[in-house]
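Novice: Just start-v6.txt, nothing more (compact mmCIF, C-alpha atoms):
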# COMPACT_ATOMS: atom_id res chain seq x y z
CA MET A 1 -34.28 -0.71 -30.36
CA SER A 2 -36.67 -3.37 -31.29
CA GLU A 3 -38.82 -5.10 -28.75
CA SER A 4 -37.09 -8.47 -29.30
CA ALA A 5 -33.65 -6.95 -28.55
CA THR A 6 -34.79 -5.58 -25.20
CA THR A 7 -36.48 -8.80 -24.10
CA THR A 8 -33.48 -11.00 -24.99
CA ALA A 9 -30.92 -8.71 -23.37
CA LYS A 10 -29.25 -10.11 -20.29
CA LYS A 11 -30.27 -8.68 -16.99
CA ARG A 12 -27.44 -6.66 -15.50
CA PRO A 13 -26.01 -8.03 -12.24
CA GLU A 14 -27.06 -6.33 -9.06
CA PHE A 15 -24.22 -5.33 -6.75
CA ARG A 16 -24.80 -5.20 -3.04
CA ASN A 17 -22.60 -4.25 -0.11
CA ILE A 18 -19.80 -6.69 0.52
CA HIS A 19 -19.49 -8.50 3.79
CA ALA A 20 -16.09 -7.15 4.79
CA PHE A 21 -15.33 -9.53 7.64
CA ARG A 22 -16.24 -12.55 5.51
CA ASP A 23 -14.94 -11.52 2.07
CA LEU A 24 -11.82 -9.42 2.64
CA PRO A 25 -9.72 -12.04 4.52
CA SER A 26 -10.05 -14.41 1.57
CA TYR A 27 -8.96 -11.78 -0.98
CA ARG A 28 -5.35 -12.16 -2.13
CA LEU A 29 -3.85 -8.72 -2.67
CA PRO A 30 -0.96 -8.59 -5.16
CA LEU A 31 2.46 -7.60 -3.83
CA ALA A 32 2.28 -4.20 -5.54
CA GLY A 33 -0.97 -3.53 -3.67
CA ILE A 34 0.63 -4.52 -0.35
CA VAL A 35 3.53 -2.12 -1.01
CA SER A 36 1.06 0.63 -1.84
CA ILE A 37 -0.87 0.08 1.38
CA LEU A 38 2.39 -0.05 3.38
CA HIS A 39 3.35 3.26 1.75
CA ARG A 40 0.24 4.82 3.26
CA ILE A 41 0.76 3.12 6.63
CA SER A 42 4.38 4.29 6.79
CA GLY A 43 3.27 7.85 6.07
CA ALA A 44 0.73 7.62 8.87
CA ILE A 45 3.37 6.24 11.27
CA MET A 46 5.70 9.13 10.49
CA PHE A 47 2.88 11.62 10.96
CA LEU A 48 1.79 10.11 14.28
CA LEU A 49 5.37 9.92 15.57
CA MET A 50 6.14 13.52 14.66
CA PRO A 51 6.15 14.66 18.34
CA PHE A 52 8.65 11.88 19.10
CA ILE A 53 10.81 12.97 16.14
CA ILE A 54 10.78 16.58 17.31
CA TRP A 55 11.62 15.51 20.87
CA MET A 56 14.52 13.34 19.65
CA PHE A 57 15.93 16.15 17.53
CA ASP A 58 15.53 18.76 20.27
CA THR A 59 17.09 16.71 23.07
CA SER A 60 19.92 15.43 20.92
CA ILE A 61 21.23 18.89 19.96
CA SER A 62 20.26 21.19 22.86
CA SER A 63 23.12 20.50 25.25
CA GLU A 64 25.39 17.78 26.58
CA ILE A 65 23.04 17.19 29.50
CA SER A 66 20.00 16.77 27.26
CA PHE A 67 22.00 14.47 24.98
CA SER A 68 22.87 12.32 28.00
CA ARG A 69 19.17 12.19 28.88
CA PHE A 70 18.45 11.27 25.27
CA LYS A 71 20.91 8.36 25.38
CA ALA A 72 19.54 7.24 28.75
CA THR A 73 16.06 7.00 27.28
CA PHE A 74 17.23 4.30 24.88
CA ASN A 75 19.44 2.54 27.44
CA VAL A 76 17.40 2.75 30.67
CA GLY A 77 13.96 3.95 29.66
CA MET A 78 11.55 6.81 30.28
CA PHE A 79 7.97 7.26 31.57
CA GLY A 80 8.06 3.78 33.11
CA LEU A 81 8.78 2.11 29.77
CA PRO A 82 12.07 0.23 29.35
CA GLY A 83 14.65 1.38 26.83
CA ILE A 84 13.89 -1.53 24.50
CA ILE A 85 10.39 -0.16 23.89
CA TRP A 86 11.84 3.21 22.88
CA LYS A 87 14.31 1.45 20.60
CA LEU A 88 11.43 -0.44 18.96
CA VAL A 89 9.56 2.84 18.46
CA ALA A 90 12.68 4.32 16.87
CA LEU A 91 13.03 1.20 14.70
CA ALA A 92 9.42 1.54 13.55
CA LEU A 93 10.18 5.13 12.63
CA ILE A 94 13.33 4.07 10.76
CA TRP A 95 11.43 1.45 8.76
CA ALA A 96 8.56 3.87 8.06
CA TYR A 97 10.95 6.48 6.70
CA LEU A 98 12.89 3.99 4.56
CA HIS A 99 9.80 2.31 3.16
CA HIS A 100 8.01 5.59 2.49
CA PHE A 101 11.06 7.04 0.74
CA ILE A 102 11.75 3.98 -1.43
CA ALA A 103 8.08 3.41 -2.28
CA GLY A 104 7.77 7.12 -3.08
CA LEU A 105 10.66 6.81 -5.54
CA ARG A 106 8.91 3.77 -7.03
CA HIS A 107 5.69 5.75 -7.49
CA LEU A 108 7.59 8.69 -9.03
CA TRP A 109 9.31 6.33 -11.46
CA MET A 110 5.98 4.82 -12.48
CA ASP A 111 4.46 8.30 -12.89
CA THR A 112 7.24 9.57 -15.16
CA SER A 113 8.10 6.49 -17.21
CA HIS A 114 5.65 4.91 -19.62
CA ALA A 115 7.72 1.72 -19.68
CA ALA A 116 7.26 1.32 -15.92
CA VAL A 117 3.49 0.91 -16.15
CA SER A 118 3.19 -2.83 -16.50
CA LYS A 119 2.22 -5.74 -14.32
CA GLU A 120 5.74 -7.17 -14.47
CA PHE A 121 7.41 -3.89 -13.43
CA GLY A 122 4.89 -3.48 -10.61
CA LYS A 123 5.75 -6.89 -9.21
CA ILE A 124 9.52 -6.51 -9.58
CA SER A 125 9.58 -2.99 -8.15
CA ALA A 126 7.41 -4.11 -5.22
CA VAL A 127 9.87 -6.88 -4.39
CA VAL A 128 12.81 -4.46 -4.66
CA THR A 129 11.01 -1.91 -2.46
CA LEU A 130 10.28 -4.45 0.26
CA ALA A 131 13.77 -5.98 0.08
CA LEU A 132 15.52 -2.62 0.31
CA SER A 133 13.36 -1.18 3.09
CA LEU A 134 13.47 -4.33 5.22
CA GLY A 135 17.15 -5.00 4.48
CA ILE A 136 18.37 -1.52 5.36
CA ALA A 137 16.07 -1.39 8.40
CA SER A 138 17.53 -4.73 9.57
CA ILE A 139 21.08 -3.43 9.27
CA LEU A 140 20.15 -0.29 11.19
CA ALA A 141 18.31 -2.40 13.80
CA LEU A 142 21.52 -4.31 14.44
CA LYS A 143 23.29 -1.00 15.01
CA LEU A 144 20.46 0.33 17.19
CA PHE A 145 20.51 -2.76 19.42
CA GLY A 146 24.30 -2.76 19.70
CA ALA A 147 25.30 -5.74 17.54
CA TYR A 148 28.15 -3.70 16.06
Mind turning this structure into structure tokens?

Specialist:
Amino acid sequence: MSESATTTAKKRPEFRNIHAFRDLPSYRLPLAGIVSILHRISGAIMFLLMPFIIWMFDTSISSEISFSRFKATFNVGMFGLPGIIWKLVALALIWAYLHHFIAGLRHLWMDTSHAAVSKEFGKISAVVTLALSLGIASILALKLFGAY
């Protein structure tokens, strides 16, 4: 390179650490990014609630007495917590499973189909994923809380 080319070249920008508490709240994440983050959060919820899942499965099939205790947990409560808290935990688990499953299908579709890798498909599939997971979870919440 000639000396004039190096002296007229623009100086490259210097990147420093971001100020997370100042910069991140102002960043607008696209809907596809929110669905992706919720996919990870739902997986973490299912992992953390695994002991609760195992307990629910065990007490619901062991015997009639344990099944009665299982039902009483959601109606009366357990460990000093009212039944509504246990229903909310079960509802969180229901939503986590539904969202993780539907978002997983979305990711598989995008991995296997070249047509599905576009900004438009990402936005539409994110809306469908959120609508399905929240819609089905709402219907199951009505059943869980005794609306029908």

Novice: Tell me, in Å to one decimal, how far CA of Leu140 in chain A is from CA of Leu91 in chain A.

Specialist: 8.1 Å

Novice: Give the answer as one residue: which of A:Lys87, A:His107, A:Arg28, A:Lys11 has the shortest atom-to-atom distance to Ala126 in chain A, using only C-alpha atoms?

Specialist: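 Answer, going by the shortest atom-to-atom distance: A:His107.
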
Novice: Could you check the closest approach to Val127 in chain A for each of A:Ser36, A:Asn17, A:Thr73, A:Ser68 and tell me which residue wins, using all atoms listed in the file?

Specialist: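 The shortest atom-to-atom distance to Val127 in chain A comes from A:Ser36.
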
Novice: Excluding range 47-63 of chain A and its own-chain neighbours fewer than 5 positions away, which residues fall within 9 Å of it when counting all atoms listed in the file? Please give them as a short mmCIF file (atom, residue, chain, number, x, y, z; two decimals) with C-alpha atoms, in the frame of the given file.

Specialist:
data_model
loop_
_atom_site.label_atom_id
_atom_site.label_comp_id
_atom_site.auth_asym_id
_atom_site.auth_seq_id
_atom_site.Cartn_x
_atom_site.Cartn_y
_atom_site.Cartn_z
CA SER A 42 4.38 4.29 6.79
CA SER A 68 22.87 12.32 28.00
CA ARG A 69 19.17 12.19 28.88
CA PHE A 70 18.45 11.27 25.27
CA LYS A 71 20.91 8.36 25.38
CA VAL A 89 9.56 2.84 18.46
CA ALA A 90 12.68 4.32 16.87
CA LEU A 93 10.18 5.13 12.63
#

Novice: Please indicate the distance in Å from CA of Ile102 in chain A to CA of Ser133 in chain A, rounded to one decimal place.

Specialist: 7.0 Å
